[in-house]
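Content type compact mmCIF, C-alpha atoms and all ligand atoms, from the file coords-v4.txt:
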# COMPACT_ATOMS: atom_id res chain seq x y z
CA MET A 1 38.12 -20.26 -15.74
CA THR A 2 40.43 -17.34 -16.55
CA PRO A 3 40.10 -14.12 -14.53
CA ASP A 4 38.76 -12.44 -17.71
CA ALA A 5 35.72 -14.70 -17.57
CA ALA A 6 34.62 -12.60 -14.60
CA PHE A 7 33.90 -9.76 -17.03
CA THR A 8 31.36 -10.12 -19.81
CA VAL A 9 30.06 -7.90 -22.58
CA SER A 10 26.30 -7.69 -22.23
CA ARG A 11 23.67 -7.73 -24.97
CA GLU A 12 21.10 -6.64 -22.41
CA PHE A 13 19.22 -3.54 -23.59
CA ALA A 14 20.42 -0.34 -21.88
CA SER A 15 23.00 -2.37 -19.96
CA THR A 16 25.16 -0.65 -17.35
CA THR A 17 27.35 -3.67 -16.61
CA THR A 18 30.34 -2.91 -18.86
CA GLY A 19 33.63 -3.27 -17.02
CA ARG A 20 32.01 -4.39 -13.79
CA PRO A 21 32.53 -7.87 -12.39
CA THR A 22 30.03 -10.60 -13.19
CA ILE A 23 28.43 -11.91 -10.00
CA VAL A 24 27.19 -15.47 -9.82
CA ARG A 25 26.64 -16.26 -6.14
CA GLY A 26 26.08 -14.57 -2.80
CA GLU A 27 26.44 -15.39 0.86
CA GLY A 28 25.36 -12.78 3.41
CA ALA A 29 27.17 -9.58 2.47
CA LYS A 30 29.59 -11.44 0.17
CA LEU A 31 29.18 -11.62 -3.60
CA PHE A 32 31.30 -13.96 -5.72
CA ASP A 33 32.43 -13.72 -9.33
CA PRO A 34 32.76 -16.83 -11.55
CA THR A 35 36.37 -17.33 -10.49
CA GLY A 36 35.32 -17.52 -6.83
CA ARG A 37 36.69 -14.08 -5.96
CA ALA A 38 34.69 -12.57 -3.10
CA TYR A 39 33.51 -8.98 -2.97
CA ILE A 40 31.84 -7.28 0.00
CA ASP A 41 28.52 -5.65 -0.92
CA LEU A 42 28.64 -2.03 0.22
CA GLY A 43 25.82 -1.07 -2.17
CA ALA A 44 25.99 -3.37 -5.19
CA THR A 45 22.52 -4.77 -4.53
CA HIS A 46 21.11 -1.21 -4.48
CA GLY A 47 19.50 -1.64 -1.08
CA VAL A 48 17.59 -4.81 -1.99
CA GLY A 49 19.86 -7.06 0.04
CA ASN A 50 19.02 -5.76 3.55
CA LEU A 51 18.91 -9.39 4.71
CA GLY A 52 21.96 -10.42 2.68
CA ALA A 53 22.17 -12.45 -0.49
CA ASN A 54 20.71 -15.73 0.77
CA PRO A 55 18.62 -15.24 3.93
CA PRO A 56 17.92 -18.84 5.07
CA ASP A 57 14.40 -18.19 6.40
CA VAL A 58 13.37 -16.50 3.17
CA LEU A 59 14.83 -19.32 1.06
CA ARG A 60 12.95 -21.91 3.15
CA ALA A 61 9.70 -19.96 2.80
CA ILE A 62 10.16 -19.68 -0.98
CA GLU A 63 10.84 -23.41 -1.29
CA ARG A 64 7.83 -24.35 0.82
CA GLN A 65 5.50 -22.00 -1.02
CA ALA A 66 6.81 -22.97 -4.47
CA HIS A 67 5.46 -26.48 -3.90
CA GLU A 68 2.05 -25.13 -2.80
CA LEU A 69 1.15 -22.35 -5.23
CA LEU A 70 3.42 -20.04 -7.24
CA TYR A 71 0.86 -17.69 -8.66
CA LEU A 72 -2.77 -16.71 -8.23
CA GLY A 73 -4.79 -13.96 -9.90
CA SER A 74 -5.58 -11.09 -7.56
CA GLY A 75 -9.30 -11.81 -8.00
CA TYR A 76 -8.97 -14.77 -5.61
CA ALA A 77 -8.19 -14.64 -1.91
CA ASN A 78 -5.06 -16.35 -0.66
CA PRO A 79 -4.10 -16.86 3.00
CA VAL A 80 -0.40 -16.16 2.40
CA ARG A 81 -1.21 -12.81 0.79
CA THR A 82 -3.55 -11.97 3.67
CA ALA A 83 -0.90 -12.96 6.23
CA PHE A 84 1.72 -10.80 4.55
CA ILE A 85 -0.53 -7.73 4.36
CA ASP A 86 -1.65 -8.22 7.98
CA ARG A 87 1.95 -8.55 9.18
CA LEU A 88 3.04 -5.44 7.29
CA LEU A 89 0.13 -3.42 8.68
CA SER A 90 0.85 -4.70 12.20
CA LEU A 91 4.24 -2.98 12.02
CA LEU A 92 2.73 0.37 11.01
CA PRO A 93 0.69 3.04 12.81
CA PRO A 94 -3.04 2.21 13.06
CA SER A 95 -3.99 4.93 10.54
CA PHE A 96 -2.85 2.60 7.73
CA GLY A 97 -5.49 0.11 6.65
CA SER A 98 -4.85 -1.19 3.15
CA VAL A 99 -1.99 -2.33 0.91
CA PHE A 100 -1.71 -2.49 -2.88
CA LEU A 101 0.94 -5.02 -3.91
CA SER A 102 2.95 -4.69 -7.12
CA ASN A 103 6.38 -5.73 -8.34
CA SER A 104 8.75 -2.76 -8.03
CA GLY A 105 9.39 0.60 -6.48
CA THR A 106 8.27 2.53 -9.52
CA GLU A 107 4.92 0.72 -9.49
CA SER A 108 4.42 1.63 -5.84
CA VAL A 109 4.82 5.28 -6.89
CA GLU A 110 2.47 4.93 -9.89
CA ALA A 111 -0.21 3.53 -7.58
CA ALA A 112 0.28 6.43 -5.15
CA ILE A 113 -0.22 8.97 -7.95
CA LYS A 114 -3.41 7.21 -9.05
CA VAL A 115 -4.76 6.95 -5.49
CA ALA A 116 -4.08 10.64 -4.81
CA ARG A 117 -5.58 11.87 -8.08
CA SER A 118 -8.61 9.62 -7.74
CA VAL A 119 -9.27 10.46 -4.08
CA THR A 120 -8.85 14.22 -4.45
CA GLY A 121 -10.02 14.69 -8.05
CA ARG A 122 -7.05 17.07 -8.43
CA PRO A 123 -4.12 17.04 -10.87
CA LYS A 124 -1.07 18.52 -9.14
CA VAL A 125 1.83 16.51 -7.73
CA VAL A 126 4.49 18.33 -5.71
CA ALA A 127 7.87 16.57 -5.54
CA ALA A 128 11.37 17.69 -4.57
CA MET A 129 14.39 18.78 -6.52
CA ARG A 130 17.07 16.03 -6.45
CA GLY A 131 14.27 13.52 -5.78
CA PHE A 132 14.19 10.08 -7.40
CA HIS A 133 11.01 8.03 -7.63
CA GLY A 134 11.56 5.64 -10.55
CA ARG A 135 11.70 5.50 -14.32
CA THR A 136 8.19 4.74 -15.61
CA MET A 137 6.36 7.74 -17.01
CA GLY A 138 4.47 8.76 -13.86
CA SER A 139 7.29 8.22 -11.38
CA LEU A 140 9.75 9.75 -13.87
CA SER A 141 7.59 12.88 -13.93
CA ALA A 142 8.25 13.16 -10.17
CA THR A 143 11.96 12.39 -10.59
CA TRP A 144 14.16 15.47 -10.79
CA ARG A 145 17.33 14.81 -12.81
CA ARG A 146 17.14 16.36 -16.25
CA GLU A 147 19.21 13.68 -18.03
CA LEU A 148 16.82 10.98 -16.80
CA ARG A 149 13.76 12.92 -17.97
CA GLU A 150 14.69 14.74 -21.17
CA PRO A 151 14.96 11.85 -23.66
CA PHE A 152 11.42 10.74 -22.81
CA GLU A 153 9.51 14.02 -22.77
CA PRO A 154 6.72 14.97 -22.76
CA LEU A 155 6.15 13.53 -19.31
CA LEU A 156 2.91 13.81 -17.32
CA PRO A 157 1.49 17.30 -16.84
CA GLY A 158 0.83 18.67 -13.36
CA PHE A 159 4.16 17.93 -11.67
CA VAL A 160 6.17 20.64 -9.90
CA HIS A 161 9.44 20.43 -7.95
CA VAL A 162 10.46 22.45 -4.91
CA PRO A 163 13.89 22.66 -3.28
CA TYR A 164 14.23 19.88 -0.68
CA ASN A 165 14.00 21.10 2.91
CA ASP A 166 12.67 24.51 1.78
CA VAL A 167 9.52 25.07 3.84
CA ALA A 168 8.59 28.39 2.22
CA ALA A 169 8.79 26.89 -1.29
CA LEU A 170 6.64 23.96 -0.23
CA GLU A 171 4.11 26.31 1.31
CA ALA A 172 3.94 28.27 -1.95
CA ALA A 173 3.50 25.09 -4.03
CA VAL A 174 0.79 23.26 -2.07
CA ASP A 175 -2.64 24.64 -2.92
CA GLU A 176 -6.24 23.60 -3.55
CA THR A 177 -5.23 21.91 -6.85
CA THR A 178 -2.66 19.64 -5.15
CA ALA A 179 -3.44 15.92 -5.11
CA LEU A 180 -0.14 14.70 -3.70
CA VAL A 181 3.09 15.75 -2.04
CA LEU A 182 5.66 13.03 -2.71
CA LEU A 183 8.91 13.01 -0.73
CA GLU A 184 11.79 10.73 0.22
CA PRO A 185 12.63 11.07 3.95
CA VAL A 186 16.25 10.66 2.88
CA GLN A 187 16.98 11.34 -0.78
CA GLY A 188 18.99 8.35 -2.01
CA GLU A 189 19.82 8.65 -5.70
CA GLY A 190 19.95 12.44 -5.34
CA GLY A 191 23.05 12.30 -3.13
CA VAL A 192 21.92 11.06 0.32
CA HIS A 193 20.28 14.19 1.74
CA VAL A 194 18.36 13.83 5.01
CA ALA A 195 15.06 15.69 5.46
CA THR A 196 14.79 18.21 8.26
CA GLU A 197 12.08 17.63 10.83
CA GLU A 198 10.74 21.10 10.06
CA PHE A 199 10.29 20.21 6.36
CA LEU A 200 8.46 16.94 6.98
CA ARG A 201 6.24 18.51 9.66
CA ALA A 202 5.42 21.35 7.26
CA ALA A 203 4.60 18.82 4.51
CA ARG A 204 2.22 17.07 6.92
CA ALA A 205 0.51 20.27 8.05
CA LEU A 206 0.25 21.79 4.56
CA THR A 207 -1.24 18.67 2.96
CA LYS A 208 -3.77 18.32 5.80
CA ARG A 209 -4.79 21.95 5.41
CA ALA A 210 -5.07 21.75 1.59
CA GLY A 211 -6.88 18.39 1.53
CA SER A 212 -3.96 16.78 -0.35
CA LEU A 213 -2.31 13.45 0.35
CA LEU A 214 1.23 13.09 1.67
CA ALA A 215 3.29 10.14 0.41
CA PHE A 216 6.68 9.11 1.72
CA ASP A 217 8.69 7.17 -0.82
CA GLU A 218 10.50 4.74 1.48
CA VAL A 219 11.55 2.43 -1.34
CA GLN A 220 15.18 3.00 -0.34
CA THR A 221 14.84 4.17 3.29
CA GLY A 222 12.30 1.57 4.46
CA LEU A 223 12.70 -1.76 6.24
CA GLY A 224 15.48 -0.97 8.67
CA ARG A 225 17.84 0.83 6.33
CA THR A 226 17.97 4.11 8.27
CA GLY A 227 18.12 2.57 11.75
CA ARG A 228 14.34 2.45 12.20
CA LEU A 229 11.94 -0.02 10.62
CA PHE A 230 10.58 2.93 8.61
CA ALA A 231 12.45 6.22 8.33
CA PHE A 232 9.35 8.31 9.14
CA GLU A 233 9.53 6.92 12.71
CA ARG A 234 12.57 9.14 13.27
CA TRP A 235 10.44 12.26 12.99
CA GLY A 236 7.07 10.86 14.07
CA VAL A 237 5.47 12.32 10.93
CA VAL A 238 3.01 9.76 9.55
CA PRO A 239 2.15 10.04 5.83
CA ASP A 240 -1.11 9.04 4.12
CA LEU A 241 0.68 6.79 1.64
CA LEU A 242 3.83 4.79 2.36
CA LEU A 243 5.73 3.36 -0.61
CA LEU A 244 7.93 0.30 -0.13
CA ALA A 245 9.85 -2.07 -2.38
CA LYS A 246 13.49 -3.25 -2.61
CA SER A 247 14.11 -5.63 0.35
CA LEU A 248 10.44 -6.03 1.37
CA ALA A 249 10.32 -9.62 0.05
CA GLY A 250 13.91 -10.51 0.92
CA GLY A 251 15.11 -10.14 -2.69
CA LEU A 252 12.10 -11.13 -4.81
CA PRO A 253 10.45 -8.40 -6.93
CA ILE A 254 7.87 -6.45 -4.95
CA GLY A 255 6.31 -3.03 -4.51
CA ALA A 256 3.80 -1.97 -1.87
CA THR A 257 1.62 1.12 -1.64
CA VAL A 258 0.28 1.33 1.91
CA VAL A 259 -2.83 3.50 2.13
CA ALA A 260 -4.34 5.23 5.18
CA SER A 261 -7.79 3.79 5.97
CA GLU A 262 -9.60 7.11 5.58
CA PHE A 263 -8.78 7.29 1.87
CA VAL A 264 -9.64 3.70 0.93
CA PRO A 265 -13.42 4.22 0.46
CA ARG A 266 -12.79 7.40 -1.53
CA PHE A 267 -10.79 5.64 -4.28
CA LYS A 268 -12.68 5.62 -7.57
CA GLY A 269 -11.60 3.55 -10.55
CA THR A 270 -9.53 0.37 -10.57
CA HIS A 271 -5.91 -0.55 -10.19
CA HIS A 272 -4.40 -3.96 -10.75
CA SER A 273 -1.18 -5.85 -11.40
CA THR A 274 -1.04 -9.38 -12.86
CA PHE A 275 1.91 -10.53 -10.78
CA GLY A 276 1.46 -8.26 -7.76
CA GLY A 277 0.80 -10.12 -4.50
CA SER A 278 1.68 -13.61 -5.77
CA PRO A 279 1.73 -16.24 -3.01
CA LEU A 280 5.42 -16.94 -3.69
CA VAL A 281 6.47 -13.33 -3.15
CA CYS A 282 4.13 -12.90 -0.18
CA ALA A 283 5.58 -16.00 1.53
CA ALA A 284 9.05 -14.52 1.07
CA GLY A 285 7.71 -11.21 2.41
CA VAL A 286 6.34 -12.77 5.61
CA ALA A 287 9.71 -14.43 6.26
CA ALA A 288 11.65 -11.26 5.44
CA LEU A 289 9.59 -9.15 7.87
CA GLU A 290 10.05 -11.78 10.60
CA CYS A 291 13.85 -11.75 10.09
CA LEU A 292 13.98 -7.96 10.26
CA VAL A 293 12.03 -7.87 13.51
CA ARG A 294 13.48 -10.99 15.18
CA ASP A 295 17.10 -10.11 14.43
CA ARG A 296 16.56 -6.43 15.37
CA LEU A 297 18.17 -5.35 12.10
CA PRO A 298 17.04 -1.70 12.32
CA GLU A 299 18.94 -1.42 15.63
CA ARG A 300 21.95 -3.04 14.02
CA ALA A 301 21.79 -0.52 11.15
CA ASP A 302 21.61 2.30 13.69
CA ARG A 303 24.64 1.04 15.63
CA LEU A 304 26.83 0.25 12.61
CA GLY A 305 25.80 3.46 10.88
CA SER A 306 26.41 5.75 13.85
CA SER A 307 29.95 4.53 14.49
CA ALA A 308 30.71 4.63 10.74
CA MET A 309 29.60 8.26 10.52
CA VAL A 310 32.10 9.20 13.22
CA ARG A 311 34.90 7.45 11.33
CA LEU A 312 33.94 8.81 7.92
CA ARG A 313 33.60 12.34 9.27
CA SER A 314 37.28 12.28 10.14
CA LEU A 315 38.28 11.69 6.49
CA PRO A 316 40.52 14.54 5.26
CA PRO A 317 38.37 17.63 4.56
CA GLU A 318 40.53 18.61 1.58
CA LYS A 319 39.18 15.46 -0.16
CA VAL A 320 35.75 15.06 1.43
CA ARG A 321 33.24 17.88 1.46
CA GLU A 322 30.56 16.27 3.65
CA VAL A 323 29.36 12.96 5.09
CA ARG A 324 25.57 12.56 5.38
CA GLY A 325 23.11 9.83 6.19
CA LEU A 326 21.07 7.83 8.63
CA GLY A 327 21.76 4.26 9.74
CA LEU A 328 23.28 2.23 6.92
CA MET A 329 22.37 4.76 4.24
CA ILE A 330 25.45 6.94 4.01
CA GLY A 331 26.75 9.38 1.43
CA VAL A 332 30.35 10.59 1.32
CA GLU A 333 30.54 13.68 -0.89
CA PHE A 334 33.95 14.22 -2.45
CA ARG A 335 35.38 17.46 -3.77
CA GLU A 336 36.10 15.61 -7.03
CA LYS A 337 34.61 12.79 -9.11
CA VAL A 338 33.85 9.62 -7.15
CA ALA A 339 34.40 7.11 -10.01
CA PRO A 340 38.15 6.59 -9.41
CA TYR A 341 37.48 5.86 -5.72
CA LEU A 342 34.80 3.32 -6.65
CA ALA A 343 37.24 1.61 -9.04
CA LYS A 344 39.92 1.41 -6.33
CA LEU A 345 37.45 -0.01 -3.84
CA GLU A 346 36.35 -2.59 -6.40
CA SER A 347 39.93 -3.70 -7.03
CA ARG A 348 40.26 -4.22 -3.26
CA GLY A 349 37.08 -6.33 -3.22
CA PHE A 350 34.44 -3.81 -2.10
CA LEU A 351 31.44 -2.92 -4.29
CA ALA A 352 30.04 0.53 -3.49
CA ILE A 353 27.90 2.77 -5.71
CA SER A 354 27.62 6.46 -6.49
CA ALA A 355 24.78 8.94 -6.06
CA GLY A 356 25.57 11.57 -8.69
CA ALA A 357 29.09 12.38 -9.87
CA THR A 358 30.75 13.10 -6.52
CA VAL A 359 28.94 11.07 -3.85
CA LEU A 360 30.02 7.62 -2.68
CA ARG A 361 26.88 5.84 -1.48
CA LEU A 362 26.99 3.06 1.07
CA LEU A 363 23.96 0.74 1.25
CA PRO A 364 25.35 -2.49 2.70
CA PRO A 365 23.18 -5.41 3.78
CA LEU A 366 22.02 -4.83 7.37
CA VAL A 367 23.46 -8.28 8.16
CA ILE A 368 26.98 -7.26 7.16
CA THR A 369 29.29 -8.54 9.92
CA ASP A 370 31.16 -6.11 12.15
CA ALA A 371 34.44 -7.35 10.61
CA GLN A 372 33.22 -6.92 7.01
CA TRP A 373 31.93 -3.41 7.73
CA ASP A 374 35.15 -2.47 9.50
CA ALA A 375 37.14 -3.78 6.52
CA GLY A 376 34.99 -1.71 4.16
CA LEU A 377 35.49 1.47 6.15
CA THR A 378 39.24 0.81 6.39
CA ALA A 379 39.37 0.35 2.61
CA ILE A 380 37.57 3.69 2.14
CA GLU A 381 40.00 5.40 4.52
CA GLU A 382 42.94 3.93 2.62
CA VAL A 383 41.74 4.82 -0.87
CA VAL A 384 40.92 8.36 0.27
CA ALA A 385 44.43 8.59 1.72
CA GLY A 386 45.71 7.73 -1.78
CA GLY A 387 46.19 3.96 -1.46
C1 LIG B 1 13.33 6.31 -3.53
C2 LIG B 1 13.11 5.41 -4.71
N1 LIG B 1 11.89 5.35 -5.27
C3 LIG B 1 11.64 4.55 -6.32
C4 LIG B 1 12.63 3.76 -6.86
C5 LIG B 1 12.31 2.88 -8.03
O1 LIG B 1 12.35 1.54 -7.65
P1 LIG B 1 12.43 0.38 -8.75
O2 LIG B 1 13.79 0.45 -9.36
O3 LIG B 1 12.20 -0.89 -7.96
O4 LIG B 1 11.35 0.63 -9.73
C6 LIG B 1 13.91 3.78 -6.30
C7 LIG B 1 14.99 2.96 -6.87
O5 LIG B 1 16.12 3.06 -6.54
C8 LIG B 1 14.16 4.63 -5.20
O6 LIG B 1 15.37 4.71 -4.65
Show me this structure written as structure tokens.
Ligand SMILES: Cc1ncc(COP(=O)(O)O)c(C=O)c1O
Amino acid sequence: MTPDAAFTVSREFASTTTGRPTIVRGEGAKLFDPTGRAYIDLGATHGVGNLGANPPDVLRAIERQAHELLYLGSGYANPVRTAFIDRLLSLLPPSFGSVFLSNSGTESVEAAIKVARSVTGRPKVVAAMRGFHGRTMGSLSATWRRELREPFEPLLPGFVHVPYNDVAALEAAVDETTALVLLEPVQGEGGVHVATEEFLRAARALTKRAGSLLAFDEVQTGLGRTGRLFAFERWGVVPDLLLLAKSLAGGLPIGATVVASEFVPRFKGTHHSTFGGSPLVCAAGVAALECLVRDRLPERADRLGSSAMVRLRSLPPEKVREVRGLGLMIGVEFREKVAPYLAKLESRGFLAISAGATVLRLLPPLVITDAQWDAGLTAIEEVVAGG
């Protein structure tokens, strides 16, 4: 196979693959193109690969379950689904009592909007500027960036955005018409901005006082990414709705909307997903949660992330404006466009992503080896130095 075979022109609708390598295989934090060239995943799997590309326990669970039962309508009970929901709830504070399973992050957000509107009978959703919650019409209405929203307007009515970490603005926005306050504890797509404790505590107090629900979108921050199993543990602020997806089933499509027990009986109406909660995905989910806990991957993310922050914060300030993040969710904001740095990293065998025009975003698998992570950081240091 010629090296050019590693690059393909896609006929996929709305493809973003042009000029990027084709990836055909993975092993831990390594991704391989058709020629066998290895790349280190510093973000290419968009935070899905917390356990790496081929976690053995998850693969075994998928194989075992595939021979038992792939799919079952949600109208029938299944012990694997029950086991997965029970295990997830066992890792969360006791206020959470119920889980709606879907197939993606955006669906976990859609369900949260429906739960909050149904439970409160109110229309308003308060989200944050620079926030990202998905691309279906409800979650897109909560998403901030104009270029993502504009081509699809009109979006849902009733959504307002406040500046992130601005307590006074949040206070002004949350009122007796507010169904939901929807926040990321660390804004991912919006440039890796970490919430202040004051902001999250204010969100908790204001929603309680107004009779609104508080949802944390932990689609990107959840499951060990920020150095805790769930990012909210860092601040001890417990939401009413917790939204999870990405690596929750070790790489299979999943979304989860975890609902505090007190709101479950107040939900009116129905919500359903044909594929949500399939035995296959739930079996993978049980195995993925066990790996995360057994291998102490949140602690690993904390350790690797903390030492990386120290290194990255000594990058030359004339090139780098700021380094932000928690655990293995790190943003390096440049004083210029990030694209040329990403291209140089790619040519050296490291696949990182951006968050906006100037931020290099690092979301490596939590199982990345010390040597691979060190090599990635060295490559960043070298390309920033002009290599
Ligand atoms: C915080 C957050 N919410 C929601 C989503 C949407 O998830 P999905 O692409 O699985 O629909 C994402 C995706 O990156 C995300 O980062």
### Query
Mind listing the residues within 10 Å of ligand LIG 1 (chain B), only C-alpha atoms and all ligand atoms counted, as a ChimeraX atom specification?
/A:46-48,103-110,131-136,139-140,142-143,183-190,216-222,243-247,253-255
### Message
Between CA of Thr226 in chain A and CA of Ser141 in chain A, what is the distance in Å, rounded to a tenth?
### Response
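Computing it gives 26.0 Å between the two atoms.
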### Task
Excluding Ala168 in chain A and residues on its chain fewer than 6 positions from it, collect all residues at most 10 Å away from it, counting all atoms listed in the file, and give them as a list in words.
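Within the cut-off, the hits are Val162, Phe199 and Ala202 of chain A.
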### Query
Which polymer residues, protein or nucleic acid, are no farther than 9 Å from (34.5, 17.2, -4.6), counting only C-alpha atoms, as number ranges by chain?
A: 318-321, 333-338, 357-359
### Message
Counting only C-alpha atoms, which residue out of A:Pro93, A:Pro364, A:Gly386, A:Pro79 sits closest to Cys282 in chain A?
### Response
A:Pro79
### Message
Could you check which residues have any atom within 10 Å of (7.1, -19.8, -2.5), counting all atoms listed in the file with coordinates taken straight from the file, and then list them as a list in words?
### Response
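Neighbouring residues, ordered by chain and number, come to Val58, Leu59, Arg60, Ala61, Ile62, Glu63, Arg64, Gln65, Ala66, His67, Glu68, Leu69, Leu70, Tyr71, Val80, Ser278, Pro279, Leu280, Val281, Cys282, Ala283, Ala284 and Gly285 of chain A.
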Could you list, as a short mmCIF file (atom, residue, chain, number, x, y, z; two decimals) with C-alpha atoms, in the frame of the given file, every residue within 8 Å of Ser95 in chain A, counting only C-alpha atoms and ignoring same-chain residues fewer than 5 positions away?
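The file below, selection_1.cif, is the result:
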data_model
loop_
_atom_site.label_atom_id
_atom_site.label_comp_id
_atom_site.auth_asym_id
_atom_site.auth_seq_id
_atom_site.Cartn_x
_atom_site.Cartn_y
_atom_site.Cartn_z
CA ALA A 260 -4.34 5.23 5.18
CA SER A 261 -7.79 3.79 5.97
CA GLU A 262 -9.60 7.11 5.58
#
